[in-house]
>>> print(open('my_file08.cif').read())   # mmCIF, C-alpha atoms
data_start
loop_
_atom_site.label_atom_id
_atom_site.label_comp_id
_atom_site.auth_asym_id
_atom_site.auth_seq_id
_atom_site.Cartn_x
_atom_site.Cartn_y
_atom_site.Cartn_z
CA MET T 12 126.11 21.56 25.33
CA LEU T 13 124.02 23.13 28.06
CA GLU T 14 123.35 20.79 30.94
CA ARG T 15 119.95 21.18 32.61
CA ARG T 16 120.04 20.79 36.39
CA VAL T 17 117.49 20.64 39.18
CA ASN T 18 115.22 23.69 39.57
CA LEU T 19 114.48 24.06 43.28
CA ASP T 20 111.60 26.06 44.73
CA GLY T 21 112.59 29.57 45.77
CA ARG T 22 109.46 30.32 47.80
CA ALA T 23 111.09 29.30 51.07
CA ALA T 24 113.99 31.67 50.41
CA THR T 25 111.64 34.65 50.09
CA ALA T 26 108.89 33.55 52.49
CA GLU T 27 109.76 36.13 55.15
CA VAL T 28 109.62 39.09 52.75
CA PRO T 29 106.31 40.97 53.29
CA ARG T 30 104.29 41.65 50.15
CA ILE T 31 101.36 43.78 49.04
CA THR T 32 99.32 43.57 45.85
CA VAL T 33 99.50 46.77 43.82
CA GLY T 34 97.85 47.06 40.42
CA GLY T 35 97.48 43.28 40.22
CA LEU T 36 101.06 42.25 41.02
CA ARG T 37 102.50 41.14 44.34
CA MET T 38 105.24 43.58 45.34
CA ALA T 39 107.92 43.27 48.01
CA ALA T 40 107.00 45.71 50.79
CA ILE T 41 110.59 46.43 51.83
CA ASP T 42 112.75 49.47 51.31
CA LEU T 43 115.91 49.95 49.28
CA GLU T 44 118.33 49.06 52.08
CA ALA T 45 116.39 45.94 53.07
CA THR T 46 116.24 44.79 49.44
CA ALA T 47 120.01 45.12 49.13
CA ASP T 48 120.50 43.26 52.40
CA PHE T 49 118.22 40.50 51.14
CA MET T 50 120.30 40.21 47.97
CA ILE T 51 123.52 39.98 49.98
CA GLU T 52 122.09 37.32 52.29
CA ALA T 53 120.71 35.35 49.34
CA THR T 54 124.24 34.80 47.99
CA ASP T 55 125.60 33.43 51.24
CA PRO T 56 126.67 29.85 50.52
CA ASP T 57 124.41 28.59 53.31
CA ASN T 58 121.38 30.21 51.68
CA ARG T 59 121.78 28.98 48.11
CA ILE T 60 118.83 26.96 46.75
CA GLY T 61 120.39 25.23 43.73
CA ARG T 62 119.27 27.87 41.23
CA PRO T 63 119.47 31.66 41.04
CA LEU T 64 116.81 33.73 42.75
CA PHE T 65 114.92 35.80 40.18
CA LEU T 66 114.37 39.44 41.14
CA THR T 67 112.60 41.89 38.87
CA SER T 68 110.89 45.28 39.06
CA ALA T 69 107.54 46.71 38.01
CA ASN T 70 106.32 50.20 37.18
CA GLY T 71 103.13 51.55 35.65
CA GLU T 72 104.05 50.37 32.16
CA VAL T 73 104.66 46.85 33.46
CA LEU T 74 101.29 46.80 35.24
CA ALA T 75 99.54 47.88 32.05
CA ARG T 76 101.34 45.30 29.93
CA CYS T 77 100.74 42.49 32.39
CA SER T 78 97.02 43.22 32.31
CA THR T 79 96.86 42.92 28.51
CA GLU T 80 99.72 40.55 27.66
CA PRO T 81 99.27 37.10 29.25
CA GLN T 82 102.82 36.06 28.38
CA THR T 83 104.33 39.12 30.08
CA GLU T 84 102.11 38.65 33.12
CA ARG T 85 103.17 35.00 33.39
CA LEU T 86 106.86 35.93 33.24
CA PHE T 87 106.47 38.45 36.06
CA ARG T 88 104.47 36.08 38.22
CA ALA T 89 107.40 33.64 38.01
CA ALA T 90 109.71 36.07 39.83
CA ASP T 91 110.78 35.28 43.36
CA LEU T 92 110.58 38.97 44.25
CA ILE T 93 109.13 42.02 42.50
CA ASN T 94 110.18 45.52 43.56
CA ALA T 95 108.11 48.62 42.89
CA ASP T 96 110.18 50.79 40.55
CA GLY T 97 107.67 53.62 40.31
CA GLN T 98 106.57 56.32 42.73
CA PRO T 99 102.89 56.13 41.65
CA LEU T 100 102.82 52.52 42.90
CA VAL T 101 104.06 53.67 46.29
CA ALA T 102 101.51 56.49 46.45
CA ALA T 103 98.62 54.18 45.49
CA SER T 104 99.62 51.63 48.13
CA ARG T 105 99.57 54.34 50.80
CA LEU T 106 96.00 55.23 49.91
CA GLN T 107 94.79 51.65 49.86
CA SER T 108 96.58 49.75 52.61
CA TRP T 109 97.52 49.98 56.28
CA PHE T 110 100.78 48.27 55.25
CA PRO T 111 101.96 50.20 52.16
CA LEU T 112 105.14 50.03 50.14
CA PRO T 113 107.75 51.87 52.23
CA GLU T 114 109.45 53.51 49.26
CA ARG T 115 110.28 53.18 45.61
CA VAL T 116 113.05 50.68 44.91
CA ALA T 117 114.49 51.80 41.58
CA THR T 118 117.04 49.45 40.05
CA THR T 119 119.24 52.44 39.22
CA ASP T 120 119.46 53.17 42.96
CA LEU T 121 119.49 49.56 44.14
CA PHE T 122 122.51 48.73 42.00
CA HIS T 123 124.73 51.16 43.88
CA VAL T 124 123.62 49.99 47.32
CA VAL T 125 124.25 46.37 46.38
CA ALA T 126 127.59 47.29 44.79
CA ARG T 127 128.80 48.94 48.00
CA LYS T 128 127.74 46.01 50.11
CA ALA T 129 129.13 43.46 47.63
CA GLU T 130 132.42 45.32 47.51
CA ALA T 131 132.69 45.08 51.30
CA VAL T 132 132.04 41.33 51.49
CA GLY T 133 133.70 40.18 48.27
CA ARG T 134 130.65 39.24 46.20
CA THR T 135 130.99 39.07 42.40
CA PHE T 136 129.10 40.72 39.52
CA TYR T 137 128.46 39.79 35.90
CA MET T 138 126.90 42.50 33.72
CA PHE T 139 124.93 41.28 30.71
CA GLY T 140 122.99 43.49 28.33
CA ALA T 141 122.77 46.71 26.32
CA SER T 142 125.00 47.35 23.31
CA GLU T 143 128.71 46.57 23.30
CA ALA T 144 129.63 50.25 23.55
CA GLU T 145 127.16 50.92 26.38
CA ASN T 146 128.21 47.79 28.24
CA ILE T 147 131.92 48.58 28.08
CA VAL T 148 131.50 52.14 29.36
CA ALA T 149 129.01 51.08 32.05
CA VAL T 150 131.43 48.47 33.42
CA GLU T 151 134.35 50.90 33.28
CA ASN T 152 132.36 53.52 35.19
CA VAL T 153 131.24 51.03 37.82
CA GLN T 154 134.82 49.86 38.32
CA LYS T 155 135.91 53.47 38.84
CA MET T 156 133.15 54.06 41.40
CA TYR T 157 133.80 50.79 43.22
CA PRO T 158 137.46 49.86 42.64
CA ASP T 159 137.32 46.82 44.93
CA LEU T 160 134.14 45.39 43.40
CA LYS T 161 134.77 42.08 41.66
CA ILE T 162 133.26 42.27 38.17
CA ILE T 163 134.20 38.89 36.78
CA GLY T 164 132.59 39.21 33.36
CA ARG T 165 130.50 41.27 31.00
CA SER T 166 128.75 40.97 27.65
CA HIS T 167 126.47 42.96 25.40
CA GLY T 168 122.94 41.65 25.05
CA TYR T 169 122.71 41.19 21.29
CA LEU T 170 123.45 37.47 21.23
CA ARG T 171 121.25 34.81 19.66
CA GLY T 172 121.24 31.09 19.06
CA GLU T 173 124.46 29.20 19.69
CA ALA T 174 126.36 32.36 20.65
CA LEU T 175 123.86 33.04 23.42
CA ARG T 176 123.92 29.47 24.67
CA ALA T 177 127.73 29.57 24.76
CA LYS T 178 127.60 32.82 26.71
CA VAL T 179 125.22 31.28 29.25
CA GLU T 180 127.65 28.39 29.71
CA GLU T 181 130.46 30.89 30.22
CA ILE T 182 128.47 32.81 32.82
CA ASN T 183 127.60 29.66 34.72
CA ALA T 184 131.25 28.56 34.72
CA LEU T 185 132.27 31.94 36.15
CA ALA T 186 129.61 31.52 38.86
CA PRO T 187 128.88 35.18 39.66
CA ASP T 188 126.95 35.98 42.81
CA TYR T 189 124.89 38.54 40.84
CA LEU T 190 123.95 38.49 37.20
CA TRP T 191 122.55 41.87 36.12
CA VAL T 192 120.48 41.37 32.95
CA ALA T 193 119.56 44.51 30.99
CA LEU T 194 117.54 43.50 27.94
CA GLY T 195 114.29 45.40 28.45
CA VAL T 196 110.79 44.13 29.28
CA PRO T 197 109.85 41.37 28.58
CA ASN T 198 113.05 40.10 26.93
CA GLU T 199 115.02 40.01 30.17
CA GLN T 200 112.27 38.13 31.99
CA ALA T 201 112.08 35.67 29.09
CA PHE T 202 115.86 35.21 29.30
CA VAL T 203 115.52 34.28 32.98
CA GLU T 204 112.76 31.77 32.25
CA GLU T 205 114.71 30.08 29.48
CA PHE T 206 118.16 29.97 31.02
CA THR T 207 117.66 29.66 34.77
CA PRO T 208 118.00 25.84 34.56
CA TYR T 209 121.48 26.34 33.08
CA LEU T 210 122.67 28.99 35.54
CA THR T 211 122.74 26.94 38.71
CA ASN T 212 126.05 28.46 39.84
CA VAL T 213 124.59 31.99 39.85
CA GLY T 214 123.25 33.37 43.13
CA VAL T 215 120.80 36.10 42.04
CA ILE T 216 119.58 37.29 38.66
CA LYS T 217 118.33 40.88 38.74
CA THR T 218 116.59 42.22 35.64
CA SER T 219 117.76 45.75 35.05
CA GLY T 220 115.92 47.50 32.20
CA GLY T 221 117.87 50.61 31.16
CA LEU T 222 120.31 50.45 34.07
CA PHE T 223 123.43 50.22 31.91
CA ASN T 224 122.43 53.35 29.99
CA PHE T 225 122.47 55.30 33.24
CA LEU T 226 125.71 53.67 34.40
CA SER T 227 127.36 54.63 31.11
CA SER T 228 125.97 58.19 31.47
CA SER T 229 124.36 58.07 28.03
CA ARG T 230 121.08 58.88 29.79
CA SER T 231 120.48 61.06 32.82
CA ARG T 232 118.12 60.58 35.75
CA ALA T 233 115.26 62.98 36.28
CA PRO T 234 115.71 65.71 38.90
CA GLN T 235 114.98 64.50 42.42
CA TRP T 236 111.78 66.53 42.69
CA MET T 237 110.38 64.80 39.60
CA GLN T 238 111.34 61.38 40.95
CA LYS T 239 109.63 62.08 44.28
CA ILE T 240 106.29 63.03 42.73
CA GLY T 241 106.29 60.23 40.19
CA LEU T 242 107.16 62.17 37.05
CA GLU T 243 110.37 60.47 36.01
CA TRP T 244 108.46 59.02 33.05
CA ALA T 245 107.82 62.58 31.85
CA TRP T 246 111.52 63.38 32.03
CA ARG T 247 112.36 60.26 30.04
CA THR T 248 109.72 61.15 27.45
CA LEU T 249 111.23 64.61 27.11
CA LEU T 250 114.63 63.07 26.40
CA GLU T 251 113.35 60.33 24.05
CA PRO T 252 110.00 61.49 22.64
CA ARG T 253 110.00 59.30 19.53
CA ARG T 254 110.59 56.11 21.50
CA LEU T 255 108.54 56.80 24.61
CA PHE T 256 105.70 59.22 23.86
CA TRP T 257 103.29 56.67 22.40
CA ARG T 258 104.31 54.03 24.94
CA TYR T 259 103.40 56.19 27.92
CA LEU T 260 100.34 57.64 26.20
CA THR T 261 98.91 54.14 25.88
CA THR T 262 100.09 52.60 29.17
CA ASN T 263 99.78 55.42 31.71
CA PRO T 264 95.95 55.68 31.68
CA ARG T 265 95.59 51.91 32.06
CA ALA T 266 98.20 51.85 34.82
CA LEU T 267 96.29 54.51 36.77
CA TYR T 268 93.09 52.50 36.42
CA LEU T 269 94.83 49.36 37.68
CA LEU T 270 96.44 51.16 40.62
CA PHE T 271 93.10 52.26 41.98
CA SER T 272 90.94 49.32 41.00
CA ARG T 273 93.00 46.18 41.33
CA ASN T 274 94.35 45.27 44.76
CA ARG T 275 94.25 41.54 44.13
CA PRO T 276 96.60 39.46 41.97
CA LEU T 277 95.92 39.34 38.23
CA ARG T 278 95.54 35.55 38.39
#
>>> encode(input="my_file08.cif", output="structure tokens")
Amino acid sequence: MLERRVNLDGRAATAEVPRITVGGLRMAAIDLEATADFMIEATDPDNRIGRPLFLTSANGEVLARCSTEPQTERLFRAADLINADGQPLVAASRLQSWFPLPERVATTDLFHVVARKAEAVGRTFYMFGASEAENIVAVENVQKMYPDLKIIGRSHGYLRGEALRAKVEEINALAPDYLWVALGVPNEQAFVEEFTPYLTNVGVIKTSGGLFNFLSSSRSRAPQWMQKIGLEWAWRTLLEPRRLFWRYLTTNPRALYLLFSRNRPLR
């Protein structure tokens, strides 16, 4: 039986992180290294707040969906920290603000910085999401890259009902410093909303999108030049046209509109 515990306010824990509104969402205006440092500091026993901090990421697709899907927008607004995982967001902030986003903070890059730092100080990981095959290979690859990193548990993300509740209890009992949740938008954000009250022994929950697919090497990152000019979405569409072509065709125009018209929060 899941035991609900106190849900403390995380605003004080993130109060010193500068933010800027981009496309209607408040983004953390810190770079990759500072984000990783923040995540390490957040799991220090003296900095725990009685519940996990909720970190997520937004790109153009997320901005578009938040502007048309109230439920998705509400889930993102509940995050303690939102990173900009999209070069167009960075570019738009530079045109609109004297205090822009310093750089893109892609989860696929952030994971490795946090892993190196966690390995050095003995922090623990739990990796939840993707299919069983993807999850196994992703964890194996991470363990090869970071042999001293403490991965204390893993699970695929296709659990429902009682099996999911039992898995949440297991994760809380293991008490990982970082729970990486890769279920896709908005399922992973909904997971955080539903189960945060039962994960009080977890330090940070970081939603991770397709991270495990890259860690397992089943998908490849775009070339650096495409990442730098904000065309990683085009690379992904080239690799998965059936799944992504219509998605980007419908969300990219709206995202561009939001980036250059909305510099205040959606609500």
>>> residues_around(input="my_file08.cif", residues="Ile216 in chain T", least_positions_apart="6", cutoff="8 Å", atoms="only C-alpha atoms", output="PyMOL selection string")
chain T and resi 63-66+189-192+203
>>> closest_residue(input="my_file08.cif", among="T:Phe122, T:Phe139, T:Phe110, T:Tyr169", to="Val33 in chain T", atoms="only C-alpha atoms")
T:Phe110
>>> atom_distance(input="my_file08.cif", atom1="CA of Glu204 in chain T", atom2="CA of Thr83 in chain T")
11.4 Å
>>> closest_atom_pairs(input="my_file08.cif", of="range 163-237 of chain T", to="range 46-51 of chain T", cutoff="9 Å", atoms="all atoms listed in the file", output="CSV")
residue,atom,partner,partner_atom,distance
T:Asp188,CA,T:Ile51,CA,8.9
T:Tyr189,CA,T:Met50,CA,8.6
T:Gly214,CA,T:Met50,CA,8.9
T:Val215,CA,T:Met50,CA,7.2
>>> closest_residue(input="my_file08.cif", among="T:Pro187, T:Gly220, T:Gly140, T:Pro264", to="Asp96 in chain T", atoms="all atoms listed in the file")
T:Gly220
>>> closest_residue(input="my_file08.cif", among="T:Arg59, T:Arg171, T:Lys155, T:Arg115", to="Ser227 in chain T", atoms="all atoms listed in the file")
T:Lys155
>>> atom_distance(input="my_file08.cif", atom1="CA of Met156 in chain T", atom2="CA of Leu194 in chain T")
23.2 Å
>>> resolve_selection(input="my_file08.cif", expression="the PyMOL selection byres ((chain T and resi 107) around 10)", output="PyMOL selection string")
chain T and resi 33+102-106+108-111+270-272+274
>>> resolve_selection(input="my_file08.cif", expression="the PyMOL selection byres ((chain T and resi 149) around 8)", output="PyMOL selection string")
chain T and resi 145-148+150-153+223-228
>>> write_last_selection(input="my_file08.cif", atoms="C-alpha atoms", output="short mmCIF file (atom, residue, chain, number, x, y, z; two decimals), in the frame of the given file")
data_model
loop_
_atom_site.label_atom_id
_atom_site.label_comp_id
_atom_site.auth_asym_id
_atom_site.auth_seq_id
_atom_site.Cartn_x
_atom_site.Cartn_y
_atom_site.Cartn_z
CA GLU T 145 127.16 50.92 26.38
CA ASN T 146 128.21 47.79 28.24
CA ILE T 147 131.92 48.58 28.08
CA VAL T 148 131.50 52.14 29.36
CA VAL T 150 131.43 48.47 33.42
CA GLU T 151 134.35 50.90 33.28
CA ASN T 152 132.36 53.52 35.19
CA VAL T 153 131.24 51.03 37.82
CA PHE T 223 123.43 50.22 31.91
CA ASN T 224 122.43 53.35 29.99
CA PHE T 225 122.47 55.30 33.24
CA LEU T 226 125.71 53.67 34.40
CA SER T 227 127.36 54.63 31.11
CA SER T 228 125.97 58.19 31.47
#
